[in-house]
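Student: Quick one: the structure is below, and I'll ask about it shortly.
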Protein chains: 2
Amino acid sequence: MEKEISQAVIRRMPRYYRYLGELLESGIERISSRELSVLMHVTASQIRQDLNNFGGFGQTGYGYNVSFLHDEIGRILGLKNVNDIIVVGVGNLGRAIANYIIAGDEAFSLIGLFDLDKQKKGETVCGIPIMHTDELKDFCTSRKVDIAVLSMPKENAPSVAAELISYGIKGFWNFAHVDIDTPSGVAVENVHLSESLMNLSYEMTGGGV
Amino acid sequence: MEKEISQAVIRRMPRYYRYLGELLESGIERISSRELSVLMHVTASQIRQDLNNFGGFGQTGYGYNVSFLHDEIGRILGLKNVNDIIVVGVGNLGRAIANYIIAGDEAFSLIGLFDLDKQKKGETVCGIPIMHTDELKDFCTSRKVDIAVLSMPKENAPSVAAELISYGIKGFWNFAHVDIDTPSGVAVENVHLSESLMNLSYEMTGGGV
């Protein structure tokens with residue numbers, strides 16, 4: 001695991017992880033790169049190249065051990081530790097994300113919900129009571145919080161992010177339609193819906209020309 | 001506009017579009033690549049290279065005309081036509097997306113909401129009544145529908161997508177946690193939340209090594 005793995009390869013790993021998880025659920029113990037290729041609509045050669053980055057998971061004539069490969073990719077993606085998550089902004093999107101985290105991989109645990117709107121305080125989502133954002137400081141400084149979801153209007157997102165960074169939060173899953181400035185050592189993953197929709201629009205024009 | 005533009009450049013365009021839109025709203029008429037660079041945290045050289053793909057928008061000593069560039073990028077992204085959108089699956093995520101489309105760029109118009117749950121029929125979201133999915137056929141064959149949002153559980157998404165493709169829908173914005181098979185000429189843009197969250201987890205491990 002000493003060599004540098006390209007970002008492009010890394011960003012394909014969650015999709016492998018998803019397919020391997022589904023194979024595991026179906027009780028499939030091993031799979032060839034060719035079979036995986038048919039399933040994932042990726043060339044077998046691409047699959048071999050991608051997975052070779054992580055060492056010798058495949059064996060000629062046997063294929064890949066699904067459980068081992070799923071575990072290894074999970075480890076590489078940091079899914080062997082539990083990431084404790086808070087959601088800040090509990091509108092429709094925040095609720096959808098909260099449900100998603102609760103139902104999703106056990107590597108992610110929802111531990112708090114916060115909203116700027118005092119009216120929402122005490123209401124529960126997935127059994128977790130919504131707190132007001134002025135309780136963020138107490139919560140974040142007394143609990144381990146790994147990731148904050150920013151699911152609020154863009155106007156508030158930069159100041160909330162700055163506040164959370166000051167409490168030591170190291171990861172942001174940002175749905176607010178604005179870029180968040182973070183210092184080195186703090187990771188941000190953006191889900192900018194408008195950019196995704198524009199990419200679709202572009203594809204539908206047949207390449208824009 | 002004859003030459004091929006790389007996917008990587010195209011995927012950066014929505015972000016330029018967003019920043020230029022914000023500059024326009026602030027009444028800023030022109031901007032240099034250097035100023036844009038500071039704003040967007042991208043090198044000025046990258047900006048010049050990206051925008052040169054679309055012809056000579058910039059002039060030495062003047063910079064870019066914000067309105068012209070915004071318009072051109074909008075045209076390239078297919079935002080000069082109105083894309084009529086339906087949302088299939090009106091849970092929290094579907095509602096969030098409906099709100100987002102209503103509030104967003106005028107190139108996207110929400111014209112219908114559908115859910116598998118008959119209980120939801122008649123309820124309105126953003127002033128639009130929810131219809132049952134068995135009304136999809138009548139609606140899609142009598143109206144222009146450009147894009148369908150799939151915001152439903154993964155179990156139902158492939159069959160609903162296949163049905164919508166048979167009605168001639170050419171674009172899917174897919175939030176269901178499954179890959180959708182589409183024939184040539186049908187575009188899909190996936191927003192796979194789990195993959196995004198795993199990418200964040202990976203970044204937080206410091207590269208997974």
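Labels used: A, B, ... for chains in the order of the structure tokens, numbers from 1 for residues in each chain, and numbers from 1 for ligands as shown.
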Using only C-alpha atoms, select each residue of chain B with any atom at most 7 Å away from an atom of chain A, and give the selection as a PDB file with C-alpha atoms, in the first residue's frame.
Tutor:
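iface.pdb was written with the following content:
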ATOM      1  CA  MET B   1     -17.267  25.015 -31.679  1.00  0.00           C
ATOM      2  CA  ARG B  11     -17.817  19.059 -15.802  1.00  0.00           C
ATOM      3  CA  PRO B  14     -21.441  24.459 -14.111  1.00  0.00           C
ATOM      4  CA  ARG B  15     -19.171  25.850 -11.422  1.00  0.00           C
ATOM      5  CA  ILE B  76     -23.258  25.216 -24.109  1.00  0.00           C
ATOM      6  CA  LEU B  77     -24.871  23.544 -21.095  1.00  0.00           C
ATOM      7  CA  GLY B  78     -28.245  23.492 -22.837  1.00  0.00           C
ATOM      8  CA  ASN B  92     -38.335  13.768   1.798  1.00  0.00           C
ATOM      9  CA  LEU B  93     -35.747  13.640  -0.955  1.00  0.00           C
ATOM     10  CA  ARG B  95     -39.783  17.088  -1.897  1.00  0.00           C
ATOM     11  CA  ALA B  96     -36.344  18.612  -1.414  1.00  0.00           C
ATOM     12  CA  GLY B 171     -33.018  12.246 -19.434  1.00  0.00           C
ATOM     13  CA  ALA B 187     -28.793  10.419 -20.647  1.00  0.00           C
ATOM     14  CA  VAL B 188     -28.451   9.557 -16.960  1.00  0.00           C
ATOM     15  CA  GLU B 189     -26.873  11.653 -14.262  1.00  0.00           C
ATOM     16  CA  GLU B 195     -20.546   6.969  -2.966  1.00  0.00           C
ATOM     17  CA  SER B 196     -20.163  10.624  -2.116  1.00  0.00           C
ATOM     18  CA  MET B 198     -17.526   7.096   1.086  1.00  0.00           C
ATOM     19  CA  ASN B 199     -15.341   9.507  -0.849  1.00  0.00           C
ATOM     20  CA  LEU B 200     -15.494  11.840   2.129  1.00  0.00           C
ATOM     21  CA  SER B 201     -14.612   8.991   4.462  1.00  0.00           C
ATOM     22  CA  TYR B 202     -11.623   8.163   2.263  1.00  0.00           C
ATOM     23  CA  GLU B 203     -10.393  11.760   2.241  1.00  0.00           C
ATOM     24  CA  MET B 204     -10.646  11.846   6.029  1.00  0.00           C
ATOM     25  CA  THR B 205      -8.386   8.838   6.409  1.00  0.00           C
ATOM     26  CA  GLY B 208      -6.495   5.479   3.081  1.00  0.00           C
ATOM     27  CA  VAL B 209      -2.923   4.348   3.589  1.00  0.00           C
TER      28      VAL B 209
END
Student: If we count only C-alpha atoms, what is near stretch 23-32 of chain B at a cut-off of 6 Å, once residues fewer than 2 positions away on the same chain are taken out, given as a PyMOL selection string?
Tutor: chain B and resi 20-21+34-35+63-66
Student: Mind the document's chain letters and residue numbers, and return as an MDAnalysis selection string the residues of chain A that DSSP labels strand (DSSP E).
Tutor: chainID A and resid 30:31 58:59 63:65 83:88 108:115 124:125 128:132 147:150 171:174 187:190
Student: Pick out the residues sitting within 12 Å of B:Ile128, and hand them over as a PDB file with N, CA, C and O atoms, in the first residue's frame; count only C-alpha atoms, and ignore anything fewer than 4 positions along from it in its own chain.
Tutor:
ATOM      1  N   ILE B  86     -40.359  15.896 -14.375  1.00  0.00           N
ATOM      2  CA  ILE B  86     -41.240  15.258 -13.398  1.00  0.00           C
ATOM      3  C   ILE B  86     -40.382  14.599 -12.314  1.00  0.00           C
ATOM      4  O   ILE B  86     -39.249  14.192 -12.564  1.00  0.00           O
ATOM      5  N   VAL B  87     -40.948  14.540 -11.121  1.00  0.00           N
ATOM      6  CA  VAL B  87     -40.280  13.883  -9.999  1.00  0.00           C
ATOM      7  C   VAL B  87     -41.083  12.630  -9.664  1.00  0.00           C
ATOM      8  O   VAL B  87     -42.293  12.716  -9.429  1.00  0.00           O
ATOM      9  N   VAL B  90     -42.031  10.896  -4.073  1.00  0.00           N
ATOM     10  CA  VAL B  90     -42.171  12.175  -3.367  1.00  0.00           C
ATOM     11  C   VAL B  90     -42.058  11.962  -1.863  1.00  0.00           C
ATOM     12  O   VAL B  90     -42.963  12.292  -1.089  1.00  0.00           O
ATOM     13  N   ARG B  95     -39.292  15.746  -2.249  1.00  0.00           N
ATOM     14  CA  ARG B  95     -39.783  17.088  -1.897  1.00  0.00           C
ATOM     15  C   ARG B  95     -38.646  18.106  -1.944  1.00  0.00           C
ATOM     16  O   ARG B  95     -38.816  19.234  -2.406  1.00  0.00           O
ATOM     17  N   ALA B  98     -37.964  18.800  -5.518  1.00  0.00           N
ATOM     18  CA  ALA B  98     -39.039  19.626  -6.088  1.00  0.00           C
ATOM     19  C   ALA B  98     -38.839  21.090  -5.703  1.00  0.00           C
ATOM     20  O   ALA B  98     -38.885  21.992  -6.551  1.00  0.00           O
ATOM     21  N   ASN B  99     -38.599  21.332  -4.431  1.00  0.00           N
ATOM     22  CA  ASN B  99     -38.344  22.706  -3.969  1.00  0.00           C
ATOM     23  C   ASN B  99     -37.137  23.306  -4.669  1.00  0.00           C
ATOM     24  O   ASN B  99     -37.133  24.472  -5.048  1.00  0.00           O
ATOM     25  N   ILE B 102     -38.009  24.253  -8.300  1.00  0.00           N
ATOM     26  CA  ILE B 102     -38.891  25.436  -8.315  1.00  0.00           C
ATOM     27  C   ILE B 102     -38.073  26.707  -8.055  1.00  0.00           C
ATOM     28  O   ILE B 102     -38.269  27.741  -8.697  1.00  0.00           O
ATOM     29  N   SER B 109     -38.083  23.343 -15.354  1.00  0.00           N
ATOM     30  CA  SER B 109     -39.451  23.604 -14.919  1.00  0.00           C
ATOM     31  C   SER B 109     -40.092  22.309 -14.401  1.00  0.00           C
ATOM     32  O   SER B 109     -40.102  21.290 -15.090  1.00  0.00           O
ATOM     33  N   LEU B 110     -40.607  22.381 -13.184  1.00  0.00           N
ATOM     34  CA  LEU B 110     -41.251  21.194 -12.589  1.00  0.00           C
ATOM     35  C   LEU B 110     -42.698  21.139 -13.048  1.00  0.00           C
ATOM     36  O   LEU B 110     -43.475  22.061 -12.799  1.00  0.00           O
ATOM     37  N   ILE B 111     -43.074  20.059 -13.718  1.00  0.00           N
ATOM     38  CA  ILE B 111     -44.446  19.995 -14.249  1.00  0.00           C
ATOM     39  C   ILE B 111     -45.267  18.828 -13.684  1.00  0.00           C
ATOM     40  O   ILE B 111     -46.469  18.765 -13.913  1.00  0.00           O
ATOM     41  N   GLY B 112     -44.644  17.920 -12.942  1.00  0.00           N
ATOM     42  CA  GLY B 112     -45.439  16.824 -12.393  1.00  0.00           C
ATOM     43  C   GLY B 112     -44.739  16.093 -11.265  1.00  0.00           C
ATOM     44  O   GLY B 112     -43.507  16.038 -11.221  1.00  0.00           O
ATOM     45  N   LEU B 113     -45.549  15.564 -10.336  1.00  0.00           N
ATOM     46  CA  LEU B 113     -45.035  14.793  -9.195  1.00  0.00           C
ATOM     47  C   LEU B 113     -45.796  13.484  -9.132  1.00  0.00           C
ATOM     48  O   LEU B 113     -47.032  13.475  -9.232  1.00  0.00           O
ATOM     49  N   PHE B 114     -45.095  12.392  -8.951  1.00  0.00           N
ATOM     50  CA  PHE B 114     -45.731  11.067  -8.943  1.00  0.00           C
ATOM     51  C   PHE B 114     -45.188  10.245  -7.775  1.00  0.00           C
ATOM     52  O   PHE B 114     -44.009  10.338  -7.445  1.00  0.00           O
ATOM     53  N   LYS B 121     -51.756  10.757  -3.133  1.00  0.00           N
ATOM     54  CA  LYS B 121     -52.426  11.339  -4.292  1.00  0.00           C
ATOM     55  C   LYS B 121     -53.254  12.571  -3.874  1.00  0.00           C
ATOM     56  O   LYS B 121     -54.013  12.514  -2.910  1.00  0.00           O
ATOM     57  N   GLY B 122     -53.077  13.654  -4.597  1.00  0.00           N
ATOM     58  CA  GLY B 122     -53.849  14.862  -4.334  1.00  0.00           C
ATOM     59  C   GLY B 122     -53.153  15.847  -3.408  1.00  0.00           C
ATOM     60  O   GLY B 122     -53.405  17.042  -3.446  1.00  0.00           O
ATOM     61  N   GLU B 123     -52.267  15.344  -2.558  1.00  0.00           N
ATOM     62  CA  GLU B 123     -51.462  16.234  -1.709  1.00  0.00           C
ATOM     63  C   GLU B 123     -50.638  17.146  -2.632  1.00  0.00           C
ATOM     64  O   GLU B 123     -50.211  16.708  -3.700  1.00  0.00           O
ATOM     65  N   THR B 124     -50.437  18.398  -2.256  1.00  0.00           N
ATOM     66  CA  THR B 124     -49.656  19.274  -3.138  1.00  0.00           C
ATOM     67  C   THR B 124     -48.287  19.606  -2.535  1.00  0.00           C
ATOM     68  O   THR B 124     -48.141  19.732  -1.324  1.00  0.00           O
TER      69      THR B 124
END
Student: What separation in Å, quoted to one decimal, exists between atom CA of A:Lys144 and atom CA of A:Asp84?
Tutor: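 Here the two named atoms are 6.9 Å from each other.
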Student: For A:Val88, which of A:Ile180, A:Leu116, A:Ile47, A:Val125 is the closest residue, counting only C-alpha atoms?
Tutor: A:Leu116
Student: Could you check how far atom CA of B:Ala176 sits from atom CA of A:Val38, in Å to one decimal?
Tutor: 20.6 Å
Student: To test your reading of the structure, identify every residue in stretch 121-191 of chain A that backbone DSSP assigns to helix (DSSP H, G or I), and report it as a list in words.
Tutor: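 DSSP on the backbone gives helix (DSSP H, G or I) at Thr133, Asp134, Glu135, Leu136, Lys137, Asp138, Phe139, Cys140, Thr141, Ser142, Ala157, Pro158, Ser159, Val160, Ala161, Ala162, Glu163, Leu164, Ile165 and Ser166 of chain A.
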Student: With N, CA and C atoms retained, export the selected residues as an mmCIF file, in the first residue's frame.
Tutor:
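Final output, part_36.cif:
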data_model
loop_
_atom_site.group_PDB
_atom_site.id
_atom_site.type_symbol
_atom_site.label_atom_id
_atom_site.label_comp_id
_atom_site.auth_asym_id
_atom_site.auth_seq_id
_atom_site.Cartn_x
_atom_site.Cartn_y
_atom_site.Cartn_z
ATOM 1 N N THR A 133 -29.314 25.348 16.770
ATOM 2 C CA THR A 133 -27.902 25.490 16.410
ATOM 3 C C THR A 133 -27.078 26.166 17.511
ATOM 4 N N ASP A 134 -27.729 26.870 18.448
ATOM 5 C CA ASP A 134 -26.903 27.458 19.517
ATOM 6 C C ASP A 134 -26.430 26.380 20.516
ATOM 7 N N GLU A 135 -26.898 25.153 20.310
ATOM 8 C CA GLU A 135 -26.406 24.041 21.149
ATOM 9 C C GLU A 135 -25.240 23.295 20.501
ATOM 10 N N LEU A 136 -24.848 23.754 19.315
ATOM 11 C CA LEU A 136 -23.767 23.067 18.589
ATOM 12 C C LEU A 136 -22.467 23.029 19.395
ATOM 13 N N LYS A 137 -22.144 24.152 20.005
ATOM 14 C CA LYS A 137 -20.845 24.236 20.687
ATOM 15 C C LYS A 137 -20.739 23.200 21.797
ATOM 16 N N ASP A 138 -21.749 23.183 22.684
ATOM 17 C CA ASP A 138 -21.743 22.212 23.787
ATOM 18 C C ASP A 138 -21.650 20.792 23.256
ATOM 19 N N PHE A 139 -22.452 20.520 22.240
ATOM 20 C CA PHE A 139 -22.519 19.162 21.706
ATOM 21 C C PHE A 139 -21.171 18.750 21.115
ATOM 22 N N CYS A 140 -20.643 19.620 20.264
ATOM 23 C CA CYS A 140 -19.434 19.247 19.507
ATOM 24 C C CYS A 140 -18.180 19.229 20.371
ATOM 25 N N THR A 141 -18.195 19.968 21.454
ATOM 26 C CA THR A 141 -17.001 19.982 22.292
ATOM 27 C C THR A 141 -17.070 18.888 23.367
ATOM 28 N N SER A 142 -18.246 18.300 23.564
ATOM 29 C CA SER A 142 -18.342 17.237 24.581
ATOM 30 C C SER A 142 -18.471 15.846 23.957
ATOM 31 N N ALA A 157 -24.343 28.680 5.350
ATOM 32 C CA ALA A 157 -23.400 27.560 5.373
ATOM 33 C C ALA A 157 -21.957 27.977 5.703
ATOM 34 N N PRO A 158 -21.418 29.045 5.106
ATOM 35 C CA PRO A 158 -20.011 29.351 5.417
ATOM 36 C C PRO A 158 -19.769 29.673 6.888
ATOM 37 N N SER A 159 -20.682 30.425 7.527
ATOM 38 C CA SER A 159 -20.438 30.767 8.931
ATOM 39 C C SER A 159 -20.610 29.549 9.832
ATOM 40 N N VAL A 160 -21.592 28.704 9.521
ATOM 41 C CA VAL A 160 -21.764 27.480 10.318
ATOM 42 C C VAL A 160 -20.545 26.573 10.156
ATOM 43 N N ALA A 161 -20.053 26.465 8.922
ATOM 44 C CA ALA A 161 -18.870 25.623 8.697
ATOM 45 C C ALA A 161 -17.679 26.166 9.489
ATOM 46 N N ALA A 162 -17.487 27.474 9.464
ATOM 47 C CA ALA A 162 -16.361 28.075 10.192
ATOM 48 C C ALA A 162 -16.475 27.777 11.683
ATOM 49 N N GLU A 163 -17.696 27.883 12.201
ATOM 50 C CA GLU A 163 -17.917 27.592 13.623
ATOM 51 C C GLU A 163 -17.559 26.123 13.925
ATOM 52 N N LEU A 164 -18.026 25.240 13.077
ATOM 53 C CA LEU A 164 -17.792 23.803 13.322
ATOM 54 C C LEU A 164 -16.314 23.448 13.199
ATOM 55 N N ILE A 165 -15.631 24.113 12.284
ATOM 56 C CA ILE A 165 -14.184 23.893 12.157
ATOM 57 C C ILE A 165 -13.485 24.299 13.453
ATOM 58 N N SER A 166 -13.964 25.375 14.058
ATOM 59 C CA SER A 166 -13.343 25.836 15.309
ATOM 60 C C SER A 166 -13.574 24.822 16.441
#
Student: I'd like the interatomic distance between atom CA of B:Gly61 and atom CA of B:Lys80, to a tenth of an Å.
Tutor: 29.8 Å
